[in-house]
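*Asks:* entry27.cif is the file, holding mmCIF, C-alpha atoms:
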data_my_file
#
loop_
_atom_site.group_PDB
_atom_site.id
_atom_site.type_symbol
_atom_site.label_atom_id
_atom_site.label_comp_id
_atom_site.auth_asym_id
_atom_site.auth_seq_id
_atom_site.Cartn_x
_atom_site.Cartn_y
_atom_site.Cartn_z
ATOM 1 C CA MET A 1 -80.535 30.598 -104.824
ATOM 2 C CA GLU A 2 -79.041 32.528 -101.928
ATOM 3 C CA PHE A 3 -75.962 31.276 -100.094
ATOM 4 C CA GLU A 4 -77.837 30.698 -96.821
ATOM 5 C CA ASP A 5 -80.492 28.628 -98.632
ATOM 6 C CA PHE A 6 -77.800 26.543 -100.282
ATOM 7 C CA VAL A 7 -76.092 25.875 -96.941
ATOM 8 C CA ARG A 8 -79.381 24.887 -95.286
ATOM 9 C CA ALA A 9 -80.362 22.601 -98.165
ATOM 10 C CA ARG A 10 -77.016 20.928 -98.877
ATOM 11 C CA GLY A 11 -75.187 21.272 -95.544
ATOM 12 C CA PRO A 12 -76.074 17.797 -94.199
ATOM 13 C CA ALA A 13 -74.983 16.120 -97.452
ATOM 14 C CA LEU A 14 -71.719 18.054 -97.421
ATOM 15 C CA LEU A 15 -71.127 17.007 -93.821
ATOM 16 C CA ARG A 16 -71.655 13.341 -94.755
ATOM 17 C CA TYR A 17 -69.210 13.751 -97.628
ATOM 18 C CA GLY A 18 -66.701 15.341 -95.245
ATOM 19 C CA LEU A 19 -67.128 12.440 -92.843
ATOM 20 C CA VAL A 20 -66.417 9.930 -95.591
ATOM 21 C CA LEU A 21 -63.297 11.870 -96.589
ATOM 22 C CA THR A 22 -61.884 12.452 -93.120
ATOM 23 C CA GLY A 23 -63.226 9.555 -91.088
ATOM 24 C CA ASN A 24 -63.795 11.909 -88.164
ATOM 25 C CA ALA A 25 -66.902 13.989 -87.374
ATOM 26 C CA ASP A 26 -64.927 16.937 -85.951
ATOM 27 C CA ASP A 27 -62.581 17.091 -88.940
ATOM 28 C CA ALA A 28 -65.563 16.734 -91.275
ATOM 29 C CA ALA A 29 -67.279 19.722 -89.668
ATOM 30 C CA ASP A 30 -64.069 21.761 -89.940
ATOM 31 C CA LEU A 31 -63.683 20.755 -93.575
ATOM 32 C CA VAL A 32 -67.246 21.785 -94.435
ATOM 33 C CA GLN A 33 -66.871 25.058 -92.563
ATOM 34 C CA GLU A 34 -63.649 25.982 -94.369
ATOM 35 C CA ALA A 35 -65.077 25.005 -97.750
ATOM 36 C CA LEU A 36 -68.213 27.079 -97.173
ATOM 37 C CA LEU A 37 -66.084 30.022 -96.099
ATOM 38 C CA LYS A 38 -64.176 29.820 -99.375
ATOM 39 C CA LEU A 39 -67.432 29.419 -101.288
ATOM 40 C CA SER A 40 -69.049 32.442 -99.643
ATOM 41 C CA SER A 41 -66.492 34.800 -101.164
ATOM 42 C CA SER A 42 -67.190 33.526 -104.686
ATOM 43 C CA TRP A 43 -70.892 32.671 -104.312
ATOM 44 C CA ARG A 44 -72.130 35.230 -106.867
ATOM 45 C CA ARG A 45 -69.975 33.655 -109.550
ATOM 46 C CA VAL A 46 -70.592 30.024 -108.514
ATOM 47 C CA ARG A 47 -74.349 30.098 -107.935
ATOM 48 C CA ASN A 48 -75.044 30.589 -111.627
ATOM 49 C CA LYS A 49 -72.977 27.559 -112.626
ATOM 50 C CA ASP A 50 -74.492 24.129 -113.260
ATOM 51 C CA ASP A 51 -73.221 22.455 -110.089
ATOM 52 C CA PRO A 52 -72.400 24.625 -107.056
ATOM 53 C CA GLU A 53 -72.384 21.542 -104.821
ATOM 54 C CA GLY A 54 -69.756 19.906 -107.019
ATOM 55 C CA TYR A 55 -67.692 23.065 -106.696
ATOM 56 C CA VAL A 56 -67.860 22.821 -102.888
ATOM 57 C CA ARG A 57 -67.010 19.116 -102.947
ATOM 58 C CA THR A 58 -63.941 19.908 -105.039
ATOM 59 C CA ILE A 59 -62.910 22.535 -102.499
ATOM 60 C CA MET A 60 -63.397 19.975 -99.724
ATOM 61 C CA ALA A 61 -61.377 17.261 -101.472
ATOM 62 C CA ARG A 62 -58.517 19.655 -102.201
ATOM 63 C CA GLN A 63 -58.579 21.037 -98.669
ATOM 64 C CA HIS A 64 -58.517 17.516 -97.240
ATOM 65 C CA VAL A 65 -55.511 16.623 -99.396
ATOM 66 C CA SER A 66 -53.818 19.813 -98.257
ATOM 67 C CA TRP A 67 -54.414 18.861 -94.620
ATOM 68 C CA TRP A 68 -52.970 15.383 -94.889
ATOM 69 C CA ARG A 69 -50.007 16.646 -96.872
ATOM 70 C CA ARG A 70 -49.280 19.086 -94.060
ATOM 71 C CA ARG A 71 -49.913 16.666 -91.209
ATOM 72 C CA ARG A 72 -48.636 13.284 -92.368
ATOM 73 C CA ARG A 73 -48.638 12.150 -88.812
ATOM 74 C CA GLU A 74 -50.630 9.888 -86.567
ATOM 75 C CA HIS A 75 -54.047 11.075 -85.431
ATOM 76 C CA LEU A 76 -54.115 10.792 -81.652
ATOM 77 C CA THR A 77 -57.307 10.443 -79.682
ATOM 78 C CA ASP A 78 -58.181 10.009 -76.065
ATOM 79 C CA GLU A 79 -61.071 7.677 -76.946
ATOM 80 C CA VAL A 80 -60.377 4.000 -76.486
ATOM 81 C CA PRO A 81 -62.158 1.994 -79.182
ATOM 82 C CA ALA A 82 -64.752 -0.400 -77.875
ATOM 83 C CA PRO A 83 -63.898 -4.037 -78.450
ATOM 84 C CA VAL A 84 -65.894 -5.594 -81.254
ATOM 85 C CA ARG A 85 -67.849 -8.649 -80.209
ATOM 86 C CA GLU A 86 -67.612 -11.576 -82.575
ATOM 87 C CA ASP A 87 -71.371 -11.593 -83.145
ATOM 88 C CA GLU A 88 -71.497 -7.991 -84.420
ATOM 89 C CA HIS A 89 -71.733 -8.247 -88.206
ATOM 90 C CA ASP A 90 -72.291 -4.574 -88.909
ATOM 91 C CA LEU A 91 -70.494 -1.871 -90.802
ATOM 92 C CA LYS A 92 -68.307 -0.849 -87.852
ATOM 93 C CA ASP A 93 -65.618 -3.303 -88.909
ATOM 94 C CA VAL A 94 -65.731 -2.110 -92.498
ATOM 95 C CA TRP A 95 -65.566 1.521 -91.404
ATOM 96 C CA GLN A 96 -62.590 0.760 -89.169
ATOM 97 C CA CYS A 97 -60.810 -0.843 -92.113
ATOM 98 C CA LEU A 98 -61.448 2.248 -94.220
ATOM 99 C CA ARG A 99 -60.299 4.582 -91.448
ATOM 100 C CA ALA A 100 -57.083 2.602 -91.119
ATOM 101 C CA LEU A 101 -56.125 3.314 -94.732
ATOM 102 C CA PRO A 102 -53.638 6.120 -95.360
ATOM 103 C CA PRO A 103 -55.428 9.399 -96.151
ATOM 104 C CA LYS A 104 -54.416 9.480 -99.818
ATOM 105 C CA GLN A 105 -55.701 5.942 -100.409
ATOM 106 C CA ARG A 106 -58.952 6.693 -98.576
ATOM 107 C CA ALA A 107 -59.425 9.906 -100.598
ATOM 108 C CA VAL A 108 -58.900 8.044 -103.874
ATOM 109 C CA LEU A 109 -61.444 5.363 -102.912
ATOM 110 C CA VAL A 110 -63.994 7.945 -101.765
ATOM 111 C CA LEU A 111 -63.670 9.925 -104.975
ATOM 112 C CA ARG A 112 -63.750 6.795 -107.152
ATOM 113 C CA TYR A 113 -66.541 4.816 -105.511
ATOM 114 C CA TYR A 114 -68.558 7.365 -103.515
ATOM 115 C CA GLU A 115 -68.292 10.289 -105.933
ATOM 116 C CA GLU A 116 -67.996 8.009 -109.003
ATOM 117 C CA LEU A 117 -65.235 10.116 -110.548
ATOM 118 C CA ALA A 118 -62.939 8.888 -113.304
ATOM 119 C CA ASP A 119 -59.208 8.529 -112.692
ATOM 120 C CA ASP A 120 -58.394 11.677 -114.672
ATOM 121 C CA GLU A 121 -60.874 13.700 -112.596
ATOM 122 C CA ILE A 122 -59.466 12.290 -109.357
ATOM 123 C CA ALA A 123 -55.922 13.044 -110.483
ATOM 124 C CA ALA A 124 -56.832 16.639 -111.321
ATOM 125 C CA MET A 125 -58.708 17.104 -108.068
ATOM 126 C CA LEU A 126 -55.925 15.712 -105.870
ATOM 127 C CA GLY A 127 -53.038 17.144 -107.870
ATOM 128 C CA ILE A 128 -51.493 13.728 -108.602
ATOM 129 C CA SER A 129 -50.978 11.669 -111.755
ATOM 130 C CA GLN A 130 -53.492 9.147 -113.069
ATOM 131 C CA ALA A 131 -50.921 6.416 -112.468
ATOM 132 C CA THR A 132 -50.739 7.454 -108.815
ATOM 133 C CA VAL A 133 -54.534 7.335 -108.603
ATOM 134 C CA ARG A 134 -54.539 3.790 -109.962
ATOM 135 C CA SER A 135 -51.684 2.623 -107.730
ATOM 136 C CA GLN A 136 -53.243 4.152 -104.604
ATOM 137 C CA ALA A 137 -56.599 2.543 -105.420
ATOM 138 C CA SER A 138 -54.920 -0.800 -106.063
ATOM 139 C CA ARG A 139 -53.001 -0.686 -102.782
ATOM 140 C CA ALA A 140 -56.088 0.371 -100.842
ATOM 141 C CA LEU A 141 -58.234 -2.390 -102.321
ATOM 142 C CA ALA A 142 -55.519 -4.993 -101.681
ATOM 143 C CA THR A 143 -55.331 -3.875 -98.049
ATOM 144 C CA LEU A 144 -59.120 -4.009 -97.725
ATOM 145 C CA ARG A 145 -59.213 -7.506 -99.229
ATOM 146 C CA VAL A 146 -56.700 -8.770 -96.655
ATOM 147 C CA ARG A 147 -58.630 -7.123 -93.824
ATOM 148 C CA ALA A 148 -61.932 -8.471 -95.148
ATOM 149 C CA GLN A 149 -60.527 -11.998 -95.133
ATOM 150 C CA ALA A 150 -59.445 -11.480 -91.513
ATOM 151 C CA LEU A 151 -62.942 -10.281 -90.618
ATOM 152 C CA ILE A 152 -64.553 -13.221 -92.383
ATOM 153 C CA GLY A 153 -62.271 -15.577 -90.493
ATOM 154 C CA ARG A 154 -63.215 -13.883 -87.227
ATOM 155 C CA TRP A 155 -66.939 -14.102 -87.994
ATOM 156 C CA GLY A 156 -66.822 -17.645 -89.412
#
Let's see the structure in the file written out as structure tokens.
*Replies:*
Amino acid sequence: MEFEDFVRARGPALLRYGLVLTGNADDAADLVQEALLKLSSSWRRVRNKDDPEGYVRTIMARQHVSWWRRRRREHLTDEVPAPVREDEHDLKDVWQCLRALPPKQRAVLVLRYYEELADDEIAAMLGISQATVRSQASRALATLRVRAQALIGRWG
């Protein structure tokens, strides 16, 4: 498979993965673009492997971790979020809860539940210990439980 064919075939899926990681469409596009740039230089070696898409996803996860390690600051936006009406029982509330998690916690949850990776794989990918993976997942899930209860109370 040629690099251009791979990008055309798997680009939309990689963009969705980037969106889940970053929580922002612009950052997701930047993440995919940087990962594909890195992939292009090693495409001849990677294309013959079993899982070139997995290779790109690893690049994306590591790049995302690198970004939030460098930034570690608030993400400012000039968009004012629309108020959520009490009768809207859609995924917007859930997505907002996920976006509100710290980047490391969100990355751990994405890799664990979206990518279905084991703790040791997540630890290796993010450059953290398995204990840190477990503690970040535990904290994130506890936060989501509290927020879910608040949402249920608001909807009830």
*Asks:* Neighbours of Phe3 of chain A within 12 Å (only C-alpha atoms; same-chain residues fewer than 3 positions away dropped), as a VMD selection string?
*Replies:* chain A and resid 6 to 11 36 to 48 52 to 53
*Asks:* Would you mind exporting C-alpha atoms of the selected residues as a compact mmCIF listing (two decimals), in the frame of the given file?
*Replies:*
# COMPACT_ATOMS: atom_id res chain seq x y z
CA PHE A 6 -77.80 26.54 -100.28
CA VAL A 7 -76.09 25.88 -96.94
CA ARG A 8 -79.38 24.89 -95.29
CA ALA A 9 -80.36 22.60 -98.16
CA ARG A 10 -77.02 20.93 -98.88
CA GLY A 11 -75.19 21.27 -95.54
CA LEU A 36 -68.21 27.08 -97.17
CA LEU A 37 -66.08 30.02 -96.10
CA LYS A 38 -64.18 29.82 -99.38
CA LEU A 39 -67.43 29.42 -101.29
CA SER A 40 -69.05 32.44 -99.64
CA SER A 41 -66.49 34.80 -101.16
CA SER A 42 -67.19 33.53 -104.69
CA TRP A 43 -70.89 32.67 -104.31
CA ARG A 44 -72.13 35.23 -106.87
CA ARG A 45 -69.97 33.66 -109.55
CA VAL A 46 -70.59 30.02 -108.51
CA ARG A 47 -74.35 30.10 -107.94
CA ASN A 48 -75.04 30.59 -111.63
CA PRO A 52 -72.40 24.62 -107.06
CA GLU A 53 -72.38 21.54 -104.82
*Asks:* Which value, in Å to one decimal, gives the distance between atom CA of Val133 of chain A and atom CA of Val108 of chain A?
*Replies:*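 Atom-to-atom, atom CA of Val133 of chain A and atom CA of Val108 of chain A are spaced 6.5 Å apart.
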*Asks:* Could you check which of A:Ile128, A:Asp50, A:Ser66, A:Arg106 is closest to Leu19 of chain A, using only C-alpha atoms?
*Replies:*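 Once distances to Leu19 of chain A are computed over only C-alpha atoms, the minimum belongs to A:Arg106.
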*Asks:* One decimal, Å: what's the distance from atom CA of Met1 of chain A over to atom CA of Leu14 of chain A, could you say?
*Replies:*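 Rounded to one decimal, the two atoms are 17.0 Å apart.
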*Asks:* With all atoms listed in the file as the basis for distance, which of A:Asp30, A:Glu2, A:Asp51, A:Asp93 is at the shortest distance from Leu144 of chain A?
*Replies:* A:Asp93
*Asks:* Residues at most 6 Å from Gln130 of chain A, counting all atoms listed in the file, excluding those fewer than 2 positions away in the same chain, as a PDB file with C-alpha atoms, in the frame of the given file?
*Replies:*
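Okay, selection_37.pdb is ready:
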ATOM      1  CA  ASP A 119     -59.208   8.529-112.692  1.00  0.00           C
ATOM      2  CA  ASP A 120     -58.394  11.677-114.672  1.00  0.00           C
ATOM      3  CA  ALA A 123     -55.922  13.044-110.483  1.00  0.00           C
ATOM      4  CA  THR A 132     -50.739   7.454-108.815  1.00  0.00           C
ATOM      5  CA  VAL A 133     -54.534   7.335-108.603  1.00  0.00           C
TER       6      VAL A 133
END
*Asks:* Work out how far apart atom CA of Arg147 of chain A and atom CA of Lys92 of chain A are and give it in Å to one decimal.
*Replies:* 13.0 Å
*Asks:* I'd like the residues picked by the PyMOL selection byres ((chain A and resi 98) around 12) written out as number ranges by chain, using the chain letters and numbers from the file.
*Replies:* A: 19-24, 91-97, 99-110, 140-145, 147-148
*Asks:* Find the residue from A:Ala25, A:Ala35, A:Arg139, A:Thr58 that sits nearest to Ile122 of chain A; use all atoms listed in the file when measuring.
*Replies:*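 Of A:Ala25, A:Ala35, A:Arg139, A:Thr58, the one nearest Ile122 of chain A, counting all atoms listed in the file, is A:Thr58.
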*Asks:* For Ala61 of chain A, which residue out of A:Ala124, A:Asp78, A:Ala13, A:Gln149 is the nearest one, using all atoms listed in the file?
*Replies:*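 Looking only at the distances to Ala61 of chain A, the closest residue turns out to be A:Ala124.
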*Asks:* Please tell me which residues are no farther than 9 Å from (-70.5, 20.2, -89.0) in the file, counting only C-alpha atoms, and write them as a PDB file with C-alpha atoms, keeping the file's coordinate frame.
*Replies:*
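The resulting file, point.pdb, is shown below:
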ATOM      1  CA  GLY A  11     -75.187  21.272 -95.544  1.00  0.00           C
ATOM      2  CA  PRO A  12     -76.074  17.797 -94.199  1.00  0.00           C
ATOM      3  CA  LEU A  14     -71.719  18.054 -97.421  1.00  0.00           C
ATOM      4  CA  LEU A  15     -71.127  17.007 -93.821  1.00  0.00           C
ATOM      5  CA  GLY A  18     -66.701  15.341 -95.245  1.00  0.00           C
ATOM      6  CA  ALA A  25     -66.902  13.989 -87.374  1.00  0.00           C
ATOM      7  CA  ASP A  26     -64.927  16.937 -85.951  1.00  0.00           C
ATOM      8  CA  ASP A  27     -62.581  17.091 -88.940  1.00  0.00           C
ATOM      9  CA  ALA A  28     -65.563  16.734 -91.275  1.00  0.00           C
ATOM     10  CA  ALA A  29     -67.279  19.722 -89.668  1.00  0.00           C
ATOM     11  CA  ASP A  30     -64.069  21.761 -89.940  1.00  0.00           C
ATOM     12  CA  LEU A  31     -63.683  20.755 -93.575  1.00  0.00           C
ATOM     13  CA  VAL A  32     -67.246  21.785 -94.435  1.00  0.00           C
ATOM     14  CA  GLN A  33     -66.871  25.058 -92.563  1.00  0.00           C
TER      15      GLN A  33
END
*Asks:* Box time for segment 29-47 of chain A: axis-aligned, enclosing all its listed atoms, 8 Å extra on each side; report centre and edge lengths in Å to one decimal, as JSON.
*Replies:*
{"center_x": -69.0, "center_y": 27.5, "center_z": -99.6, "size_x": 26.7, "size_y": 31.5, "size_z": 35.9}
